[in-house]
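Some notes on the structure that comes next.
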Amino acid sequence: MESYEIKEHDVLIIGAGGAGLRAAIEASSQEVSVGLVCKSLLGKAHTVMAEGGMAASLRNADPRDNWEVHFRDTIRGGKHINNWRMVEIFCQEAAERVNELEEWGALFDRNKEGLISQRNFGGHRYPRLAHVGDRTGLELIRTLQNHGIHQGLDIYMECCIVELLKEGDRICGAFGFWRESGQFIVFHAKSVVLATGGLGKVFRVTSNSWEGTGDGHALAYRAGAELIDMEFIQFHPTGMVWPPSVQGILVTEGVRGEGGVLKNCEGKRFMFDYIPDTFAAETSDTEEEASRWLNGDPEARRPPELLTRDVVARAIHRERMGGRGSPHGGVFLDISGQRDADHIKKTLPSMYHQFMKLCNLNITTTPMEVGPTCHYVMGGVSVEPDTAMSAVDGLFAAGEVTGGLHGANRLGGNSLTDLLVFGVHAGLHAAKYSKEIVEVAKPSKDLLKKMEQLALEPFDPERTENPYVLMAELQETMELHTGIVRTSDEMEKGLELLQDLKQRAERVRVDGNRQYNPAWHYALDLRNLLCIAEAITLAALKREESRGGHTREDFPESNDSLQKVNAFIHDKDGRMFHEHREREPMPEHLVKLLN
C-alpha cells in the first residue's frame, strides 16, 4: 500500500459549480475549514453552460408576480409530485439569492427603469428570469468565484473522488486521485457536501459536458443514501441535431423567449396543436387571454413554444414520428423571421457567435434544426429540505445531484436559483454539523487499502474489456430502451443488457500508467454510470403512467394514485431496491395557493 497525500477539513465540498461554490462560501462564513474539490479546473463547471436566466419573483417585469405564484408554477410544472417544502423554501428565498448575487458584482441586464431585466420562460406565468444575455450561468460562476476566493477556501482542481469514506454510519471523508499524476489523496472531513451536478453522459445525445457522469448520485447510493424520482429525465426540446459538429449542443430556451418559433418540414407552426386546455387556463389571467392562446392568436401574451419542456419535447417527438420532421431528424427553430439581426445579436450573443464559429450557421438568417437532447435529471439524492442532509449522517447535497424540488419536470430557470438557495442550506448546515463533531474519525488502513485496490483494478492485465466500447454500448442501451418514450418490454430488455454490461465492466482493462490516463478515468466513470443507469431504468419501469419527464407509450395517461407517491431507490444487501412511498400531505395554506 502506497502512502497517501492527506488533507483535513471540517467541510469537504465535492463539485465546484454554482451549488458547490455557494455552499463553500456559506460554510466558510461559519468559520470552519472548507475544502473544495473540482473534477476539472475552477471555472469549468457545467453551470457556465446555463444560458437563459435564473427564476425569482423580483416583480420587475410584472408587479403581480410573487413567491406564491412562483410556487404554484413550480408545483404544476413538476406535475404535483415535488417535495412541497423544498419548493416553498426555494420560492421564498429565490429573490434574496439573486439580489445577493447582484451585490457581489453580477452584471445583470437592465430594463428601461434600471431594474434587473426579466424574460419569459416556459411554464412561468410572468416574465421571471433574471439574465445576462444568454450567458447567465457564466456570470453566476464568475461572481461566485470572485467572491469565494477571498473566503479562505482550499481548492483542489483536477481531482476525482472514487468513493466516500465512512466510519460506522457516519461520513468521515473521501478517497480520490489527482487526474494529472494518478496519485491518491485522502480527505478527512467531519461532513461532506455533494454538488456534482448531473448524469447526462448516460445517454448518447446530451447537452451535458464530459463531467456529467452521475458521480454524486453513485457515491451517495454506495454510501447508503437514498435516491428519489430517478425516472424523471428532462429531454430539453431544443438541442442541435445538425450539423454534426454541434450535435447535442443546447439552443437556450431564451431563443423561444425572445420570439423564436418551432416549425415542421411543412412550414407549419405546430405547437398550437399541443397546448393542454387545462394548462392554458391555469397560466392565463383571464378567459379571454386563454381563448386567444388556444385559438392560435400570434399576439397572445405567451407563445405555445414556451409550454413546459416535457410538453414541447413530446410534441417535437410526435412531429418526427409523424413524418413531419426536418431532413436530419429534428424540427426547425426559427428566430430569423421574428426579430431583426441587431436584436438577436444583442439579446442572444452566445447563440449567434457559437454557431457562426462552430458550424457557419447564421441564426439571424437561417432556422436551426433542433430536437430533444438529454439535459437534466429531476431525481437525485433524497435530502431533508431545511438542512439538505441525506439519510447518511454528515452527508449533504445541493443542486442537480439532489431530487425532490423539481418533481417530474423542471421549469426553465429554476435550476440556477436552486444552486444558490440550496447551496446556502447545504453549506450552512454542513458547517453547523461539523462544529458539533469534536474529532474527525480516521478511516482504517484496511478501508484505504480496499479503496486503492478498487481504483487500480482496471490495470489488471488479465482483463479484456475496452472501456470506450462499454461506454458507447451503455449510452446506446439507454437511448434505445429508456429514452424519451418508454415501454415495459423495452425497459425490461434494457435492464437485462445493463446487467450484462455490469458483468463485462468487472473485466474492463486499461493500459499504460496512471499519469493522466483518460482510459482509466473512463473506466471509473463507467462504474458510476452503470449504477445510475440501472436506477433510472428500474424506477421508470415501476412507474406505470406518463408524467412530466417520464413518458410511457403503454401507459399514456397520468395515474392519480401515483401522484401521491415518490420512488425511492437504495442498496439492500448488495442489490438495488425500489419502493414507492406516499409523501407527507401538503399543509392547507399551500393547498389554497394551488387552488
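Every chain in the C-alpha cells takes a letter, A first, then B, and so on in the order presented; its residues are numbered from 1, and the ligands are numbered from 1 following the presented order.
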
Practice prompt. Would you please give, as a ChimeraX atom specification, all residues of segment 326-533 of chain A that DSSP assigns to strand (DSSP E or B) based on the backbone?
Written response: /A:331-334,368-377,380-381,389,393,395-397,402,465,486,508

Show me a table, sorted first by chain and then by increasing residue number, of the residues of segment 91-173 of chain A having an atom at most 12 Å from segment 254-275 of chain A, each with its shortest atom pair and the distance in Å to one decimal, counting only C-alpha atoms and written as a tab-separated table.
```
residue	atom	partner	partner_atom	distance
A:Gln118	CA	A:Gly257	CA	10.6
A:Arg119	CA	A:Gly257	CA	6.8
A:Asn120	CA	A:Gly257	CA	5.3
A:Phe121	CA	A:Gly257	CA	5.7
A:Gly122	CA	A:Gly257	CA	7.9
A:Gly123	CA	A:Gly257	CA	11.3
A:His124	CA	A:Gly257	CA	11.0
A:Tyr126	CA	A:Gly257	CA	11.7
A:Pro127	CA	A:Gly257	CA	9.3
A:Arg128	CA	A:Gly257	CA	11.2
A:Leu129	CA	A:Gly254	CA	9.6
A:Ala130	CA	A:Gly254	CA	11.4
A:His131	CA	A:Gly254	CA	9.6
A:Val132	CA	A:Gly254	CA	11.0
A:Gly133	CA	A:Gly254	CA	8.9
A:Asp134	CA	A:Gly254	CA	7.1
A:Arg135	CA	A:Gly254	CA	10.5
A:Thr136	CA	A:Gly254	CA	10.8
```

Those selected residues, please, written with all heavy atoms and delivered as a short mmCIF file (atom, residue, chain, number, x, y, z; two decimals), in the first residue's frame.
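Contents of out-v5.cif, as written:
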```
data_model
loop_
_atom_site.label_atom_id
_atom_site.label_comp_id
_atom_site.auth_asym_id
_atom_site.auth_seq_id
_atom_site.Cartn_x
_atom_site.Cartn_y
_atom_site.Cartn_z
N GLN A 118 -36.13 40.91 -16.67
CA GLN A 118 -36.64 39.54 -16.52
C GLN A 118 -37.37 39.14 -17.80
O GLN A 118 -38.19 39.90 -18.32
CB GLN A 118 -37.59 39.45 -15.31
CG GLN A 118 -36.88 39.69 -13.98
CD GLN A 118 -37.81 39.52 -12.80
OE1 GLN A 118 -38.50 40.46 -12.41
NE2 GLN A 118 -37.82 38.33 -12.22
N ARG A 119 -37.09 37.90 -18.27
CA ARG A 119 -37.67 37.44 -19.52
C ARG A 119 -38.62 36.27 -19.30
O ARG A 119 -38.58 35.59 -18.27
CB ARG A 119 -36.58 37.04 -20.52
CG ARG A 119 -35.71 35.89 -20.08
CD ARG A 119 -34.88 35.28 -21.23
NE ARG A 119 -34.15 36.21 -22.06
CZ ARG A 119 -32.84 36.16 -22.28
NH1 ARG A 119 -32.10 35.21 -21.69
NH2 ARG A 119 -32.25 37.02 -23.07
N ASN A 120 -39.48 36.04 -20.30
CA ASN A 120 -40.40 34.91 -20.29
C ASN A 120 -39.64 33.59 -20.43
O ASN A 120 -38.62 33.53 -21.12
CB ASN A 120 -41.38 35.02 -21.46
CG ASN A 120 -42.70 35.63 -21.03
OD1 ASN A 120 -43.20 35.36 -19.95
ND2 ASN A 120 -43.27 36.47 -21.90
N PHE A 121 -40.17 32.56 -19.80
CA PHE A 121 -39.64 31.21 -19.96
C PHE A 121 -40.78 30.22 -19.80
O PHE A 121 -41.81 30.53 -19.18
CB PHE A 121 -38.54 30.94 -18.92
CG PHE A 121 -37.19 30.61 -19.53
CD1 PHE A 121 -36.59 31.47 -20.42
CD2 PHE A 121 -36.51 29.45 -19.18
CE1 PHE A 121 -35.34 31.19 -20.96
CE2 PHE A 121 -35.27 29.16 -19.72
CZ PHE A 121 -34.68 30.03 -20.62
N GLY A 122 -40.58 29.03 -20.33
CA GLY A 122 -41.63 28.03 -20.34
C GLY A 122 -42.16 27.67 -18.96
O GLY A 122 -41.39 27.37 -18.05
N GLY A 123 -43.50 27.71 -18.83
CA GLY A 123 -44.14 27.30 -17.59
C GLY A 123 -44.26 28.38 -16.54
O GLY A 123 -44.93 28.18 -15.52
N HIS A 124 -43.63 29.52 -16.75
CA HIS A 124 -43.71 30.62 -15.79
C HIS A 124 -44.84 31.58 -16.20
O HIS A 124 -44.90 32.02 -17.35
CB HIS A 124 -42.39 31.39 -15.72
CG HIS A 124 -41.27 30.59 -15.15
ND1 HIS A 124 -41.08 30.42 -13.79
CD2 HIS A 124 -40.26 29.90 -15.75
CE1 HIS A 124 -40.00 29.67 -13.59
NE2 HIS A 124 -39.49 29.34 -14.76
N TYR A 126 -45.45 34.66 -15.34
CA TYR A 126 -44.98 36.01 -15.64
C TYR A 126 -43.51 35.97 -16.05
O TYR A 126 -42.80 35.02 -15.72
CB TYR A 126 -45.15 36.93 -14.42
CG TYR A 126 -46.56 37.01 -13.90
CD1 TYR A 126 -46.87 36.58 -12.62
CD2 TYR A 126 -47.58 37.52 -14.70
CE1 TYR A 126 -48.17 36.65 -12.14
CE2 TYR A 126 -48.88 37.59 -14.23
CZ TYR A 126 -49.17 37.15 -12.94
OH TYR A 126 -50.46 37.22 -12.48
N PRO A 127 -43.02 37.01 -16.75
CA PRO A 127 -41.57 37.08 -17.02
C PRO A 127 -40.81 37.10 -15.69
O PRO A 127 -41.00 37.99 -14.88
CB PRO A 127 -41.42 38.41 -17.79
CG PRO A 127 -42.77 38.69 -18.34
CD PRO A 127 -43.75 38.15 -17.33
N ARG A 128 -39.94 36.11 -15.50
CA ARG A 128 -39.39 35.91 -14.15
C ARG A 128 -37.88 35.66 -14.17
O ARG A 128 -37.24 35.62 -13.11
CB ARG A 128 -40.11 34.72 -13.50
CG ARG A 128 -39.82 34.50 -12.05
CD ARG A 128 -40.65 33.36 -11.49
NE ARG A 128 -42.01 33.72 -11.24
CZ ARG A 128 -43.07 32.94 -11.46
NH1 ARG A 128 -42.89 31.73 -11.95
NH2 ARG A 128 -44.30 33.36 -11.21
N LEU A 129 -37.27 35.49 -15.36
CA LEU A 129 -35.88 35.08 -15.39
C LEU A 129 -34.93 36.27 -15.48
O LEU A 129 -34.85 36.96 -16.50
CB LEU A 129 -35.62 34.12 -16.58
CG LEU A 129 -35.78 32.65 -16.18
CD1 LEU A 129 -37.25 32.32 -15.94
CD2 LEU A 129 -35.19 31.74 -17.22
N ALA A 130 -34.20 36.50 -14.38
CA ALA A 130 -33.11 37.48 -14.39
C ALA A 130 -31.99 36.91 -15.26
O ALA A 130 -31.64 35.74 -15.13
CB ALA A 130 -32.62 37.73 -12.97
N HIS A 131 -31.41 37.73 -16.12
CA HIS A 131 -30.48 37.17 -17.10
C HIS A 131 -29.35 38.13 -17.43
O HIS A 131 -29.41 39.34 -17.18
CB HIS A 131 -31.23 36.81 -18.39
CG HIS A 131 -31.98 37.95 -19.00
ND1 HIS A 131 -31.44 38.81 -19.92
CD2 HIS A 131 -33.26 38.37 -18.79
CE1 HIS A 131 -32.34 39.71 -20.27
NE2 HIS A 131 -33.45 39.48 -19.60
N VAL A 132 -28.30 37.55 -17.99
CA VAL A 132 -27.17 38.30 -18.53
C VAL A 132 -27.02 37.84 -19.97
O VAL A 132 -26.28 36.91 -20.28
CB VAL A 132 -25.87 38.01 -17.73
CG1 VAL A 132 -24.73 38.88 -18.24
CG2 VAL A 132 -26.09 38.23 -16.24
N GLY A 133 -27.79 38.46 -20.88
CA GLY A 133 -27.85 37.98 -22.25
C GLY A 133 -28.23 36.51 -22.26
O GLY A 133 -29.21 36.10 -21.63
N ASP A 134 -27.43 35.69 -22.94
CA ASP A 134 -27.61 34.25 -22.86
C ASP A 134 -26.36 33.60 -22.25
O ASP A 134 -25.96 32.51 -22.62
CB ASP A 134 -27.91 33.67 -24.24
CG ASP A 134 -26.87 34.01 -25.29
OD1 ASP A 134 -25.91 34.74 -24.96
OD2 ASP A 134 -27.00 33.55 -26.44
N ARG A 135 -25.76 34.33 -21.28
CA ARG A 135 -24.55 33.85 -20.61
C ARG A 135 -24.72 33.91 -19.09
O ARG A 135 -23.78 34.20 -18.35
CB ARG A 135 -23.35 34.70 -21.02
CG ARG A 135 -23.05 34.68 -22.51
CD ARG A 135 -22.06 35.76 -22.89
NE ARG A 135 -21.69 35.68 -24.31
CZ ARG A 135 -21.14 36.68 -24.98
NH1 ARG A 135 -20.89 37.83 -24.38
NH2 ARG A 135 -20.82 36.53 -26.26
N THR A 136 -25.92 33.64 -18.63
CA THR A 136 -26.23 33.84 -17.21
C THR A 136 -25.41 32.92 -16.31
O THR A 136 -24.90 33.34 -15.26
CB THR A 136 -27.73 33.64 -16.97
OG1 THR A 136 -28.47 34.35 -17.95
CG2 THR A 136 -28.12 34.14 -15.59
#
```

For the interface of segment 502-582 of chain A with segment 406-414 of chain A (cut-off 12 Å, counting only C-alpha atoms), please tabulate each contacting residue of segment 502-582 of chain A alongside its nearest pair of atoms and their separation in Å to one decimal, rows sorted by chain and increasing number, as a tab-separated table.
```
residue	atom	partner	partner_atom	distance
A:Ala540	CA	A:Ala408	CA	11.6
A:Arg543	CA	A:Ala408	CA	11.6
A:Glu545	CA	A:Ala408	CA	11.7
A:Ser546	CA	A:Ala408	CA	9.8
A:Arg547	CA	A:Ala408	CA	6.4
A:Gly548	CA	A:Ala408	CA	4.7
A:Gly549	CA	A:Asn409	CA	5.5
A:His550	CA	A:Ala408	CA	7.3
A:Thr551	CA	A:Ala408	CA	10.5
A:Ser558	CA	A:Ala408	CA	11.5
A:Leu562	CA	A:Ala408	CA	11.6
A:Gln563	CA	A:Ala408	CA	9.9
A:Lys564	CA	A:Gly407	CA	11.5
A:Val565	CA	A:Gly407	CA	10.8
A:Asn566	CA	A:Gly407	CA	9.0
A:Ala567	CA	A:Gly407	CA	11.0
```

Response to the item:
A straight line from atom CA of Arg222 of chain A to atom CA of Leu529 of chain A spans 12.7 Å

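Of the residues listed (A:Phe459, A:Phe332, A:Phe355, A:Phe108), A:Phe332 shows the shortest atom-to-atom separation from Val370 of chain A; distances use only C-alpha atoms.
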
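Across A:Arg314, A:His578, A:His481, A:Lys44, the tightest approach to Gly371 of chain A is made by A:Arg314 when counting only C-alpha atoms.
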
Worksheet item: Can you tell me, as a list in words, what residues are no more than 7 Å from Val440 of chain A when counting only C-alpha atoms, ignoring any on the same chain fewer than 5 positions away?
Response: Cys172, His188, Ala189 and Lys190 of chain A

Could the residues in this selection be saved with N, CA and C atoms as a CSV table (one decimal), in the first residue's frame?
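See out.csv below for the written result:
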```csv
chain,number,residue,atom,x,y,z
A,172,CYS,N,-16.9,10.2,7.0
A,172,CYS,CA,-15.6,10.8,7.6
A,172,CYS,C,-14.7,11.2,6.5
A,188,HIS,N,-9.9,13.8,5.0
A,188,HIS,CA,-10.6,13.6,6.3
A,188,HIS,C,-11.5,14.8,6.5
A,189,ALA,N,-12.8,14.5,6.8
A,189,ALA,CA,-13.7,15.6,6.9
A,189,ALA,C,-14.8,15.2,7.9
A,190,LYS,N,-15.4,16.2,8.6
A,190,LYS,CA,-16.5,15.9,9.5
A,190,LYS,C,-17.8,15.9,8.8
```

Item to complete: Could you check how far atom CA of His236 of chain A sits from atom CA of Tyr522 of chain A, in Å to one decimal?
Response: 25.5 Å

Worksheet item: Can you list, as an MDAnalysis selection string, every protein, DNA or RNA residue that comes within 7 Å of segment 11-26 of chain A when you count only C-alpha atoms, leaving out same-chain residues fewer than 5 positions away?
Response: chainID A and resid 33:39 42 45:47 141 144 148 151 189:196 398:399 419:420 423:424 426:428 430:431 434

Worksheet item: Which neighbours of His521 of chain A fall inside 9 Å, counting only C-alpha atoms, when residues of the same chain fewer than 4 positions from it are skipped, and could you give them as JSON, numbers by chain?
Response: {"A": [160, 179, 516, 517, 525, 526]}

Item to complete: Can you check which residues of segment 161-312 of chain A DSSP gives as alpha helix (DSSP H) on the backbone and send them as a ChimeraX atom specification?
Response: /A:215-223,253-257,277-282,287-294,309-312

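Counting from atom CA of Asn528 of chain A, the distance to atom CA of Glu553 of chain A is 28.5 Å.
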
Test item: residues at most 10 Å from Asn83 of chain A, only C-alpha atoms, excluding those fewer than 4 positions along its chain, as a CSV table (one decimal) with N, CA and C atoms, in the first residue's frame:
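File produced: selection38.csv:
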```csv
chain,number,residue,atom,x,y,z
A,75,ILE,N,-44.9,23.8,-8.8
A,75,ILE,CA,-45.7,22.6,-8.4
A,75,ILE,C,-46.4,22.0,-9.7
A,78,GLY,N,-44.0,20.6,-12.1
A,78,GLY,CA,-43.5,19.3,-11.6
A,78,GLY,C,-44.5,18.3,-11.5
A,87,VAL,N,-40.0,23.3,-2.4
A,87,VAL,CA,-40.5,24.3,-3.3
A,87,VAL,C,-40.8,25.6,-2.5
A,88,GLU,N,-41.4,25.4,-1.3
A,88,GLU,CA,-41.7,26.6,-0.5
A,88,GLU,C,-40.4,27.4,-0.2
A,384,GLU,N,-33.2,16.1,3.4
A,384,GLU,CA,-34.1,16.8,4.3
A,384,GLU,C,-34.2,18.3,3.8
A,385,PRO,N,-35.4,18.8,3.5
A,385,PRO,CA,-35.5,20.1,2.8
A,385,PRO,C,-34.7,21.3,3.5
A,403,GLY,N,-32.7,15.4,-5.5
A,403,GLY,CA,-34.0,15.2,-6.1
A,403,GLY,C,-35.1,15.8,-5.1
A,404,GLY,N,-36.3,16.0,-5.7
A,404,GLY,CA,-37.4,16.5,-4.8
A,404,GLY,C,-37.9,17.8,-5.2
A,405,LEU,N,-37.1,18.8,-5.5
A,405,LEU,CA,-37.5,20.2,-5.7
A,405,LEU,C,-38.3,20.3,-7.0
A,406,HIS,N,-37.9,19.6,-8.1
A,406,HIS,CA,-38.5,19.9,-9.4
A,406,HIS,C,-39.5,18.9,-9.8
A,407,GLY,N,-39.8,17.9,-8.9
A,407,GLY,CA,-40.8,16.9,-9.2
A,407,GLY,C,-40.6,16.1,-10.5
A,566,ASN,N,-43.6,9.0,-4.3
A,566,ASN,CA,-42.3,9.2,-5.0
A,566,ASN,C,-41.6,7.8,-4.9
A,583,ARG,N,-46.0,10.7,-0.1
A,583,ARG,CA,-45.5,12.0,0.5
A,583,ARG,C,-46.3,12.4,1.7
A,584,GLU,N,-45.7,13.2,2.5
A,584,GLU,CA,-46.4,13.9,3.6
A,584,GLU,C,-47.4,14.9,3.0
A,585,PRO,N,-48.6,14.9,3.4
A,585,PRO,CA,-49.6,15.8,2.8
A,585,PRO,C,-49.2,17.3,2.8
A,586,MET,N,-49.5,18.0,1.8
A,586,MET,CA,-49.2,19.5,1.8
A,586,MET,C,-50.1,20.2,2.8
```

Worksheet entry | Test item: residues at most 12 Å from Gly512 of chain A, only C-alpha atoms, excluding those fewer than 2 positions along its chain, as a list in words | Gly182, Leu456, Pro458, Phe459, Asp460, Pro461, Arg509, Val510, Arg514, Gln515, Tyr516, Asn517, Pro518, Ala519 and Trp520 of chain A
